[in-house]
Every structure is written in structure tokens, then in C-alpha cells.
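> Below is entry.csv; it holds CSV, C-alpha atoms.
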chain,number,residue,atom,x,y,z
H,1,MET,CA,54.3,7.4,-3.5
H,2,ASN,CA,54.4,6.2,-7.1
H,3,ARG,CA,51.3,5.5,-9.1
H,4,ASN,CA,51.6,1.7,-9.0
H,5,ARG,CA,52.0,1.7,-5.2
H,6,LYS,CA,48.9,3.9,-4.9
H,7,GLN,CA,46.9,1.6,-7.1
H,8,GLN,CA,48.0,-1.4,-5.1
H,9,MET,CA,46.9,0.2,-1.8
H,10,LYS,CA,43.6,1.2,-3.4
H,11,SER,CA,43.1,-2.3,-4.6
H,12,LYS,CA,43.8,-3.8,-1.2
H,13,ILE,CA,41.4,-1.4,0.5
H,14,GLN,CA,38.7,-2.2,-2.0
H,15,ASN,CA,39.3,-5.9,-1.5
H,16,ARG,CA,38.9,-5.5,2.3
H,17,LEU,CA,35.7,-3.6,1.7
H,18,ASP,CA,34.3,-6.2,-0.7
H,19,SER,CA,35.1,-9.0,1.7
H,20,LYS,CA,33.4,-7.2,4.6
H,21,LYS,CA,30.3,-7.0,2.5
H,22,ASN,CA,30.2,-10.7,1.7
H,23,PHE,CA,27.1,-12.0,3.5
H,24,THR,CA,24.2,-14.3,2.8
H,25,PHE,CA,20.5,-13.9,3.2
H,26,ILE,CA,17.2,-15.5,2.5
H,27,ASP,CA,14.2,-13.7,1.0
H,28,LEU,CA,10.7,-14.8,2.2
H,29,PHE,CA,7.5,-13.6,0.6
H,30,ALA,CA,9.9,-12.4,-2.1
H,31,GLY,CA,7.4,-10.9,-4.5
H,32,ILE,CA,9.5,-9.7,-7.4
H,33,GLY,CA,12.7,-9.3,-5.5
H,34,GLY,CA,12.9,-5.8,-4.0
H,35,PHE,CA,14.7,-7.1,-0.9
H,36,ARG,CA,17.0,-9.1,-3.0
H,37,ILE,CA,18.0,-6.1,-5.2
H,38,ALA,CA,18.7,-4.0,-2.1
H,39,LEU,CA,20.8,-6.6,-0.3
H,40,GLN,CA,22.7,-7.6,-3.5
H,41,ASN,CA,23.5,-4.0,-4.1
H,42,ILE,CA,25.6,-4.0,-0.8
H,43,GLY,CA,27.3,-7.3,-1.5
H,44,GLY,CA,24.8,-9.9,-0.2
H,45,GLN,CA,24.2,-13.3,-1.7
H,46,CYS,CA,20.7,-14.7,-1.8
H,47,VAL,CA,20.8,-18.4,-0.9
H,48,PHE,CA,17.0,-19.0,-0.8
H,49,SER,CA,13.8,-17.3,-1.8
H,50,SER,CA,10.1,-18.2,-1.6
H,51,GLU,CA,7.1,-16.7,-3.3
H,52,TRP,CA,3.9,-18.6,-4.2
H,53,ASP,CA,2.3,-16.2,-6.7
H,54,ALA,CA,2.9,-17.6,-10.2
H,55,LYS,CA,3.1,-14.2,-12.0
H,56,ALA,CA,5.5,-12.8,-9.4
H,57,GLN,CA,7.6,-16.0,-9.9
H,58,GLU,CA,7.6,-15.2,-13.6
H,59,THR,CA,9.0,-11.7,-13.1
H,60,TYR,CA,11.4,-13.0,-10.5
H,61,LYS,CA,12.8,-15.6,-12.8
H,62,ALA,CA,13.2,-13.1,-15.7
H,63,ASN,CA,15.4,-10.9,-13.5
H,64,PHE,CA,17.3,-13.4,-11.3
H,65,GLY,CA,17.4,-16.5,-13.4
H,66,SER,CA,15.7,-18.8,-10.9
H,67,VAL,CA,12.1,-19.5,-9.8
H,68,PRO,CA,11.5,-18.9,-6.0
H,69,PHE,CA,10.3,-21.9,-4.0
H,70,GLY,CA,6.6,-21.9,-3.4
H,71,ASP,CA,4.4,-22.0,-0.3
H,72,ILE,CA,6.5,-21.4,2.7
H,73,THR,CA,3.9,-22.9,5.0
H,74,LEU,CA,4.7,-26.4,3.6
H,75,GLU,CA,7.4,-28.4,5.4
H,76,GLU,CA,8.8,-29.5,2.0
H,77,THR,CA,9.5,-25.8,1.2
H,78,LYS,CA,11.1,-25.1,4.6
H,79,GLU,CA,13.4,-28.1,4.2
H,80,LYS,CA,15.0,-26.4,1.2
H,81,ILE,CA,16.3,-23.5,3.4
H,82,PRO,CA,20.0,-23.7,4.1
H,83,ASP,CA,21.1,-24.2,7.7
H,84,GLU,CA,23.5,-21.2,7.7
H,85,PHE,CA,22.8,-17.7,6.5
H,86,ASP,CA,23.3,-14.3,8.0
H,87,VAL,CA,20.1,-12.3,7.4
H,88,LEU,CA,16.4,-13.4,7.2
H,89,CYS,CA,14.3,-10.9,5.1
H,90,ALA,CA,10.6,-11.0,5.0
H,91,GLY,CA,7.8,-8.7,3.9
H,92,PHE,CA,5.2,-10.9,5.4
H,93,PRO,CA,1.4,-10.2,5.2
H,94,CYS,CA,-0.3,-8.8,8.2
H,95,GLN,CA,-2.8,-11.0,10.0
H,96,ALA,CA,-4.6,-10.8,13.3
H,97,PHE,CA,-3.8,-13.4,15.9
H,98,SER,CA,-6.1,-15.2,18.3
H,99,ILE,CA,-4.6,-14.0,21.5
H,100,ALA,CA,-7.7,-13.1,23.7
H,101,GLY,CA,-6.9,-13.6,27.3
H,102,ARG,CA,-3.4,-14.9,26.6
H,103,ARG,CA,0.2,-13.5,26.6
H,104,GLY,CA,0.4,-13.5,22.9
H,105,GLY,CA,3.5,-15.6,22.5
H,106,PHE,CA,5.0,-18.0,19.9
H,107,TYR,CA,2.2,-20.5,19.7
H,108,ASP,CA,-0.5,-17.9,19.8
H,109,THR,CA,0.5,-16.9,16.2
H,110,ARG,CA,-0.2,-20.4,14.8
H,111,GLY,CA,-2.2,-20.3,11.6
H,112,THR,CA,-0.7,-17.0,10.5
H,113,LEU,CA,2.2,-16.3,8.1
H,114,PHE,CA,4.2,-14.6,10.8
H,115,PHE,CA,4.3,-17.9,12.6
H,116,GLU,CA,6.0,-19.4,9.6
H,117,VAL,CA,8.6,-16.7,9.7
H,118,ALA,CA,9.1,-17.1,13.5
H,119,GLU,CA,9.4,-20.9,13.1
H,120,ILE,CA,12.2,-20.5,10.5
H,121,ILE,CA,14.0,-18.0,12.8
H,122,ARG,CA,13.7,-20.5,15.6
H,123,ARG,CA,15.1,-23.3,13.5
H,124,LYS,CA,17.8,-21.5,11.6
H,125,GLN,CA,19.0,-18.8,14.1
H,126,PRO,CA,20.2,-16.2,11.7
H,127,LYS,CA,22.4,-13.4,12.9
H,128,ALA,CA,19.9,-10.8,11.9
H,129,ILE,CA,16.3,-10.4,10.8
H,130,PHE,CA,14.7,-7.7,8.7
H,131,LEU,CA,10.9,-7.6,8.5
H,132,GLU,CA,8.8,-5.1,6.6
H,133,ASN,CA,5.1,-4.5,6.7
H,134,VAL,CA,2.4,-1.8,6.1
H,135,LYS,CA,2.3,1.2,8.5
H,136,GLY,CA,-1.1,-0.1,9.7
H,137,LEU,CA,0.6,-2.9,11.6
H,138,VAL,CA,1.3,-0.3,14.3
H,139,ASN,CA,-2.4,-0.1,15.2
H,140,HIS,CA,-3.6,-3.4,13.8
H,141,ASP,CA,-6.0,-5.2,16.1
H,142,ARG,CA,-5.6,-2.2,18.6
H,143,GLY,CA,-1.8,-2.7,18.6
H,144,ARG,CA,-2.0,-6.3,19.8
H,145,THR,CA,-0.7,-7.8,16.6
H,146,LEU,CA,2.6,-5.8,16.8
H,147,THR,CA,2.9,-6.5,20.5
H,148,THR,CA,2.6,-10.2,19.9
H,149,ILE,CA,5.2,-10.1,17.1
H,150,LEU,CA,7.6,-8.2,19.4
H,151,ASN,CA,6.9,-10.6,22.2
H,152,VAL,CA,7.7,-13.6,20.0
H,153,LEU,CA,10.9,-12.1,18.7
H,154,ARG,CA,12.2,-10.7,22.0
H,155,GLU,CA,11.0,-13.1,24.6
H,156,ASP,CA,10.4,-16.4,22.9
H,157,LEU,CA,13.3,-16.2,20.3
H,158,GLY,CA,15.6,-14.1,22.4
H,159,TYR,CA,16.5,-11.6,19.7
H,160,PHE,CA,17.5,-8.0,20.5
H,161,VAL,CA,14.8,-6.0,18.7
H,162,PRO,CA,14.9,-2.2,19.0
H,163,GLU,CA,11.6,-0.3,18.7
H,164,PRO,CA,10.3,-0.7,15.1
H,165,GLN,CA,10.4,2.4,12.9
H,166,VAL,CA,8.1,3.7,10.3
H,167,ILE,CA,10.2,4.8,7.3
H,168,ASN,CA,9.1,6.8,4.4
H,169,ALA,CA,10.4,6.0,0.9
H,170,LYS,CA,10.4,9.7,-0.1
H,171,ASP,CA,13.2,10.2,2.5
H,172,PHE,CA,15.5,7.8,0.6
H,173,GLY,CA,15.6,9.2,-2.9
H,174,VAL,CA,12.3,8.2,-4.6
H,175,PRO,CA,9.4,10.5,-5.2
H,176,GLN,CA,6.7,8.4,-3.4
H,177,ASN,CA,5.0,9.1,-0.1
H,178,ARG,CA,5.2,5.5,1.1
H,179,GLU,CA,5.4,4.7,4.8
H,180,ARG,CA,6.2,1.2,6.0
H,181,ILE,CA,7.2,-0.3,9.3
H,182,PHE,CA,10.6,-1.9,9.5
H,183,ILE,CA,11.4,-4.4,12.3
H,184,VAL,CA,15.1,-5.3,12.8
H,185,GLY,CA,16.5,-7.9,15.2
H,186,PHE,CA,19.8,-9.4,16.2
H,187,HIS,CA,20.7,-12.9,17.5
H,188,PRO,CA,21.8,-12.9,21.2
H,189,ASP,CA,25.2,-14.4,20.2
H,190,THR,CA,26.0,-11.2,18.3
H,191,LYS,CA,26.0,-9.3,21.6
H,192,ILE,CA,24.4,-6.4,19.8
H,193,LYS,CA,22.3,-4.2,22.1
H,194,GLU,CA,22.0,-1.0,20.1
H,195,PHE,CA,20.8,-0.2,16.6
H,196,PHE,CA,20.0,3.1,14.8
H,197,TYR,CA,17.8,3.2,11.7
H,198,PRO,CA,19.2,5.2,8.8
H,199,LYS,CA,18.7,8.9,8.6
H,200,PRO,CA,16.9,10.4,5.6
H,201,SER,CA,19.2,11.0,2.6
H,202,ASN,CA,17.8,14.5,2.1
H,203,LYS,CA,18.0,13.9,-1.7
H,204,LYS,CA,15.3,16.1,-3.3
H,205,VAL,CA,13.3,14.1,-5.9
H,206,VAL,CA,10.1,14.9,-7.7
H,207,PHE,CA,7.9,13.0,-10.1
H,208,SER,CA,9.6,14.4,-13.2
H,209,ASP,CA,12.7,12.5,-12.2
H,210,VAL,CA,10.9,9.3,-12.9
H,211,LYS,CA,8.5,10.4,-15.7
H,212,GLU,CA,8.8,8.7,-19.0
H,213,LYS,CA,11.1,10.6,-21.3
H,214,SER,CA,9.2,9.9,-24.5
H,215,VAL,CA,5.5,9.7,-25.5
H,216,VAL,CA,3.7,6.7,-24.1
H,217,SER,CA,0.9,4.7,-25.6
H,218,SER,CA,-2.6,6.1,-25.7
H,219,LYS,CA,-3.7,3.1,-23.6
H,220,TYR,CA,-2.5,4.9,-20.5
H,221,TYR,CA,-4.7,8.0,-21.2
H,222,LEU,CA,-8.1,8.1,-19.5
H,223,SER,CA,-11.3,8.3,-21.5
H,224,GLU,CA,-13.5,11.4,-21.2
H,225,GLN,CA,-16.2,9.3,-19.7
H,226,TYR,CA,-13.9,7.8,-17.1
H,227,ILE,CA,-12.7,11.2,-16.0
H,228,SER,CA,-16.2,12.4,-15.7
H,229,THR,CA,-17.1,9.5,-13.5
H,230,LEU,CA,-14.1,10.1,-11.3
H,231,ARG,CA,-15.0,13.8,-10.9
H,232,LYS,CA,-18.5,13.1,-9.9
H,233,HIS,CA,-17.3,10.4,-7.5
H,234,LYS,CA,-15.0,12.9,-5.8
H,235,ILE,CA,-17.6,15.6,-5.6
H,236,ARG,CA,-20.0,13.1,-4.0
H,237,HIS,CA,-17.5,12.1,-1.4
H,238,GLU,CA,-16.5,15.7,-0.6
H,239,SER,CA,-20.1,16.6,0.0
H,240,LYS,CA,-20.1,13.9,2.7
H,241,GLY,CA,-16.9,15.2,4.2
H,242,ASN,CA,-14.8,12.3,2.8
H,243,GLY,CA,-11.3,12.9,1.3
H,244,PHE,CA,-11.5,9.9,-1.1
H,245,GLY,CA,-11.1,10.6,-4.8
H,246,TYR,CA,-8.7,10.7,-7.7
H,247,GLU,CA,-5.6,12.9,-7.5
H,248,ILE,CA,-3.3,14.4,-10.1
H,249,ILE,CA,0.3,14.5,-9.2
H,250,SER,CA,2.3,17.5,-10.6
H,251,ASP,CA,5.7,17.0,-12.2
H,252,ASP,CA,7.3,18.8,-9.2
H,253,GLY,CA,5.3,16.8,-6.7
H,254,ILE,CA,5.5,13.5,-4.8
H,255,ALA,CA,3.4,10.5,-5.7
H,256,ASN,CA,1.0,8.9,-3.3
H,257,ALA,CA,1.8,5.4,-2.2
H,258,ILE,CA,1.3,3.0,-5.0
H,259,VAL,CA,-1.0,0.2,-4.0
H,260,VAL,CA,-2.8,-2.8,-5.5
H,261,GLY,CA,-6.1,-2.0,-7.1
H,262,GLY,CA,-7.6,0.9,-9.1
H,263,MET,CA,-7.3,3.4,-6.3
H,264,GLY,CA,-3.5,3.1,-6.5
H,265,ARG,CA,-3.6,4.3,-10.0
H,266,GLU,CA,-6.5,6.8,-9.6
H,267,ARG,CA,-4.7,8.6,-6.8
H,268,ASN,CA,-1.6,8.9,-8.9
H,269,LEU,CA,-2.8,10.4,-12.2
H,270,ILE,CA,-0.5,12.8,-14.1
H,271,ILE,CA,-0.7,15.4,-16.8
H,272,ASP,CA,1.2,14.5,-20.0
H,273,ASN,CA,0.4,16.7,-23.0
H,274,ARG,CA,2.7,15.0,-25.5
H,275,LEU,CA,0.2,12.6,-27.0
H,276,THR,CA,-0.8,13.4,-30.6
H,277,ASP,CA,-2.5,10.2,-31.7
H,278,TYR,CA,-5.7,10.0,-29.8
H,279,GLN,CA,-6.8,6.7,-31.5
H,280,PRO,CA,-7.6,4.2,-28.7
H,281,VAL,CA,-5.7,1.0,-28.7
H,282,THR,CA,-7.9,-0.7,-26.1
H,283,ASN,CA,-11.6,-1.0,-25.7
H,284,ILE,CA,-12.7,2.1,-23.8
H,285,LYS,CA,-16.0,3.9,-23.4
H,286,GLY,CA,-15.8,7.3,-25.0
H,287,ALA,CA,-13.0,9.2,-26.6
H,288,ILE,CA,-9.5,9.8,-25.1
H,289,ASN,CA,-9.4,13.0,-23.0
H,290,LYS,CA,-7.7,16.0,-24.5
H,291,GLU,CA,-6.5,17.3,-21.1
H,292,GLY,CA,-3.5,15.1,-21.1
H,293,ILE,CA,-4.6,13.1,-18.0
H,294,ARG,CA,-3.1,9.6,-17.9
H,295,LYS,CA,-2.2,7.0,-15.4
H,296,MET,CA,1.4,6.2,-14.7
H,297,THR,CA,3.1,3.4,-16.6
H,298,PRO,CA,4.4,0.2,-14.9
H,299,ARG,CA,7.9,1.5,-15.6
H,300,GLU,CA,7.2,4.7,-13.7
H,301,TRP,CA,5.9,2.6,-10.8
H,302,ALA,CA,9.1,0.6,-10.9
H,303,ARG,CA,11.1,3.8,-10.7
H,304,LEU,CA,8.9,5.0,-7.8
H,305,GLN,CA,10.0,1.9,-5.9
H,306,GLY,CA,13.6,2.4,-6.8
H,307,PHE,CA,14.0,-0.5,-9.2
H,308,PRO,CA,16.8,-0.2,-11.7
H,309,GLU,CA,16.1,0.6,-15.4
H,310,SER,CA,17.5,-2.9,-16.2
H,311,PHE,CA,14.7,-4.6,-14.3
H,312,VAL,CA,12.6,-6.7,-16.8
H,313,ILE,CA,8.8,-6.4,-16.7
H,314,PRO,CA,7.7,-9.6,-18.6
H,315,VAL,CA,4.1,-9.6,-17.5
H,316,ALA,CA,1.0,-7.7,-18.7
H,317,ASP,CA,0.4,-4.2,-17.2
H,318,THR,CA,-2.4,-5.5,-14.8
H,319,HIS,CA,0.1,-7.9,-13.1
H,320,ALA,CA,2.9,-5.4,-13.2
H,321,TYR,CA,0.9,-2.8,-11.3
H,322,LYS,CA,0.0,-5.4,-8.7
H,323,GLN,CA,3.6,-6.5,-8.4
H,324,PHE,CA,5.1,-3.1,-7.9
H,325,GLY,CA,2.3,-2.0,-5.6
H,326,ASN,CA,3.0,-5.0,-3.4
H,327,SER,CA,6.8,-4.6,-3.5
H,328,VAL,CA,9.2,-2.7,-1.2
H,329,ALA,CA,10.9,0.6,-1.9
H,330,VAL,CA,14.4,-0.6,-2.7
H,331,PRO,CA,16.4,2.4,-1.5
H,332,ALA,CA,14.8,2.5,2.0
H,333,ILE,CA,15.4,-1.3,2.3
H,334,GLN,CA,19.0,-0.9,1.2
H,335,ALA,CA,19.8,2.0,3.6
H,336,THR,CA,18.5,0.0,6.5
H,337,ALA,CA,20.2,-3.2,5.4
H,338,GLU,CA,23.5,-1.3,5.3
H,339,LYS,CA,23.1,-0.4,9.0
H,340,ILE,CA,22.3,-4.1,9.8
H,341,ILE,CA,25.4,-5.4,8.0
H,342,GLU,CA,27.6,-2.7,9.7
H,343,LYS,CA,26.4,-4.1,13.0
H,344,ILE,CA,26.8,-7.8,12.4
H,345,GLU,CA,30.2,-7.4,10.7
H,346,GLY,CA,31.3,-5.0,13.3
Please render this file's structure as C-alpha cells.


Amino acid sequence: MNRNRKQQMKSKIQNRLDSKKNFTFIDLFAGIGGFRIALQNIGGQCVFSSEWDAKAQETYKANFGSVPFGDITLEETKEKIPDEFDVLCAGFPCQAFSIAGRRGGFYDTRGTLFFEVAEIIRRKQPKAIFLENVKGLVNHDRGRTLTTILNVLREDLGYFVPEPQVINAKDFGVPQNRERIFIVGFHPDTKIKEFFYPKPSNKKVVFSDVKEKSVVSSKYYLSEQYISTLRKHKIRHESKGNGFGYEIISDDGIANAIVVGGMGRERNLIIDNRLTDYQPVTNIKGAINKEGIRKMTPREWARLQGFPESFVIPVADTHAYKQFGNSVAVPAIQATAEKIIEKIEG
């Protein structure tokens, strides 16, 4: 077969693959767009997104060129959602439902953000749904919250929903021990009755794979006084039999889950001895430590979540830490989304 003929065949195959990947999705509680990146990476087109936090909207716009719609609990926001799309994505906040003495169905979730998601599913009937939440949802309110969610999706809305799975980001190519529950569902019209979550990629990654390649600002280094306080705090907790305290992640180690708040940073300290200028650039109490102990940078947190290097961080560090701590691990979302699309496009 001549070269031109081979190239033509290759082009046709690629075109078929590209056309198979052409699907639409909406992104609820979008944050800074982790779901969107993952689904766009496999050929999806985002046709609607919502996020009420102004700073998250700022980051979202800097990367996707548009501001997400605001409060999804408002009817005027829901009205902007297109009538037809393939996949509904939502990393919704976890809330307890008032279900004492009742079955725990659709209307028992009123007043919660899950109800808003369920109402959109009821109205729009997407082919598939992909929900993400913290691992704690499994046992939240003694398991009643998850039971109610599954009852609504399966019984009230009629979707095929396999047992949810807790998936760890570290199994999908990022050095972060981050467990999250994934809930997948398929519209009855799809006739889908079987679904398997993705298997771990077995790609070995460690923190040095995401560590800054050059010296970072002294503002990321802890003061001697702060370190002393952390050490005393840890000793005090250990004496009481508690495991709480700061932690230093080695270059060949895996980061703890990055979360909102100081604890997320204190449990992910690292050693970086490349600093030579110990002059503080921010107001700190005491001198900068000489042990090389620093917190991770927002860019390192972005990498821990699988965000691309091209991802713009337009906000101050305080907001950036919050945004990445609240986000999803892109590679784990993408691997699961690939399985979803394989099923609905058959």
C-alpha cells in the first residue's frame, strides 16, 4: 500500500474516532473547571456551566473565556440550561437531608443542593450523569444521605446507577492521596445495565514529578516561630493519642489530600534547600527557617490535581489554594468519563 493510501486510511480512522468523541455536557458547581478540562480532553463540548463564587468565576473566565452562570438554585439560572446535552457533571456539596421516618425520596431532598441537581436531571433527561463528592458521603448521616441520593436517582428518576465507587487520585497519575466518591448513572432509554469504573493506571508518580523546577519565593518558606508552634502542637496532640499535626512530604513520597484551610497546607509541607535569599517578602513573625521547610506553591497544587501547565492562576495565593483544594483530580475524572462515553456511544 502506497504512502498516500496509508495516510488517507489513517485520516479516515482518526475522523471516525473524533466524531465518536463528539458529545456535549453541562458542568454544575463548576469551581475552576476541573470537570470541564477532563471532558474536553476526550472531545466533549461544554454547553453550560454554573458557579456562584466570584473568585472561582474569575479563574474560570481566565481559562475558558466565559463566566459561569451563578446560583443554580435560582429558576432564572436553570432556564439558561439547554434542553439537550449528553452528560450532566456535578461536584455538588454534601448536605444532610430531613428524612426521619420517611422513604428518603425526591422531595425529601428539598432545600439541599442535591435537590437542584436532581431537578435538572428530571427536567433535562441527560443520557448520563457523573457526580463527585467527598469520601465522607459514604457514611454521612449514618449512610442515609447516600441512600437517599441513590433512591432518587434509581427509583424516582429511573436511572441505572451502579454502586458508587471511591476512587483515589494517586491511582491515576498524580502524586496525591485523594479519595473521592464517584456516582455514575445512565438514562433508561440508553438500555445500559452494566458499567465498570476505570482500573488504576499503575503509573508511578511521586512529589518530585510536580515539584517546582526552580527556586521559589521566600514567601513560601515557614518562619522559625511558625515551625516551633507546629512542632509543639503536634507533640501536644500525640501525647493525647491524636494523629493530628503537620507533615513533611518527601520528594519520593505522595502528598496528602489537598484541602481548603491551613491544615491542607500544613499536612503537605516539603523540604526545599535551594533558597539563598532569606529576606522575608511578607510580614512574618521571626526569621525564615534554615531547614528548607516550605509549603507547596499553588502551581504545585494545580499539578497535584492534574491541571495542565497552561492553566492560568489569576488570583492571589489564598484564593488559589482554596480553588485547587475544592477542585477535582482531573485524570481520575477523565478516566471515568472515558468509560461513560464508551457506554453511551456504544

> Taking into account all atoms listed in the file, which residue in the set H:Gly33, H:Gly111, H:Pro198, H:Gly173 is nearest to H:Thr336?

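Nearest candidate to H:Thr336 out of H:Gly33, H:Gly111, H:Pro198, H:Gly173: H:Pro198.
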
> Would you work out the distance separating atom CA of H:Asp86 from atom CA of H:Ile341, expressed in Å to one decimal?

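Going from atom CA of H:Asp86 over to atom CA of H:Ile341 covers 9.1 Å.
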
> Would you compute the distance between atom CA of H:Arg123 and atom CA of H:Ile149? Give it in Å to one decimal.

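Atom-to-atom, atom CA of H:Arg123 and atom CA of H:Ile149 are spaced 16.9 Å apart.
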
> Counting all atoms listed in the file, which of H:Asn326, H:Ser310, H:Asn202, H:Ser50 gets nearest to H:Asp171?

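Closest candidate: H:Asn202.
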
> What separation in Å, quoted to one decimal, exists between atom CA of H:His187 and atom CA of H:Lys80?

21.9 Å

> Go through H:Val281, H:Leu39, H:Ala335, H:Leu157 and flag the residue nearest H:Lys199, using all atoms listed in the file for the distances.

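So, comparing all the options, the nearest one is H:Ala335.
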
> For H:Ser327, work out the shell of residues within 7 Å, counting all atoms listed in the file and skipping chain neighbours fewer than 6 positions away, then give it as an MDAnalysis selection string.

chainID H and resid 31:32 34

> Choose the residue, out of H:Lys211, H:Arg236, H:His319, H:Lys124, that has the smallest atom-to-atom separation from H:Arg303; count all atoms listed in the file.

H:Lys211

> Residues within 9 Å of H:Thr73, please, as an NGL selection string. Count all atoms listed in the file; anything in the same chain fewer than 3 positions from it doesn't count.

:H and (70 or 76-78 or 113 or 116)

> Generate the output file for the selected residues, C-alpha atoms, as a PDB file, keeping the file's coordinate frame.


ATOM      1  CA  GLY H  70       6.600 -21.900  -3.400  1.00  0.00           C
ATOM      2  CA  GLU H  76       8.800 -29.500   2.000  1.00  0.00           C
ATOM      3  CA  THR H  77       9.500 -25.800   1.200  1.00  0.00           C
ATOM      4  CA  LYS H  78      11.100 -25.100   4.600  1.00  0.00           C
ATOM      5  CA  LEU H 113       2.200 -16.300   8.100  1.00  0.00           C
ATOM      6  CA  GLU H 116       6.000 -19.400   9.600  1.00  0.00           C
TER       7      GLU H 116
END

> For H:Gln57, which residue among H:Ser217, H:Phe160, H:Phe29, H:Gln40 is the nearest when counting all atoms listed in the file?

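When distances to H:Gln57 are compared using all atoms listed in the file, the smallest one comes from H:Phe29.
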
> Name all residues at most 9 Å from H:Val174 (count only C-alpha atoms; drop same-chain ones fewer than 3 positions away) and give them as a list in words.

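Final neighbour list, sorted by chain and number: Ala169, Lys170, Asp171, Asn177, Lys203, Lys204, Val205, Val206, Phe207, Asp209, Val210, Ile254, Arg303, Leu304, Gln305, Gly306, Ala329 and Pro331 of chain H.
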
> For H:Glu247, which of H:Asn268, H:Ser228, H:Ser201, H:Ser223 is the closest residue, counting all atoms listed in the file?

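Ranked by minimum distance to H:Glu247, first place goes to H:Asn268.
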
> I'd like the contact shell of H:His233 - 12 Å cut-off, only C-alpha atoms, skipping same-chain residues fewer than 6 positions apart - returned as a list in words.

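Final neighbour list, sorted by chain and number: Tyr226, Ile227, Ser239, Lys240, Asn242, Gly243, Phe244, Gly245, Tyr246, Glu247 and Glu266 of chain H.
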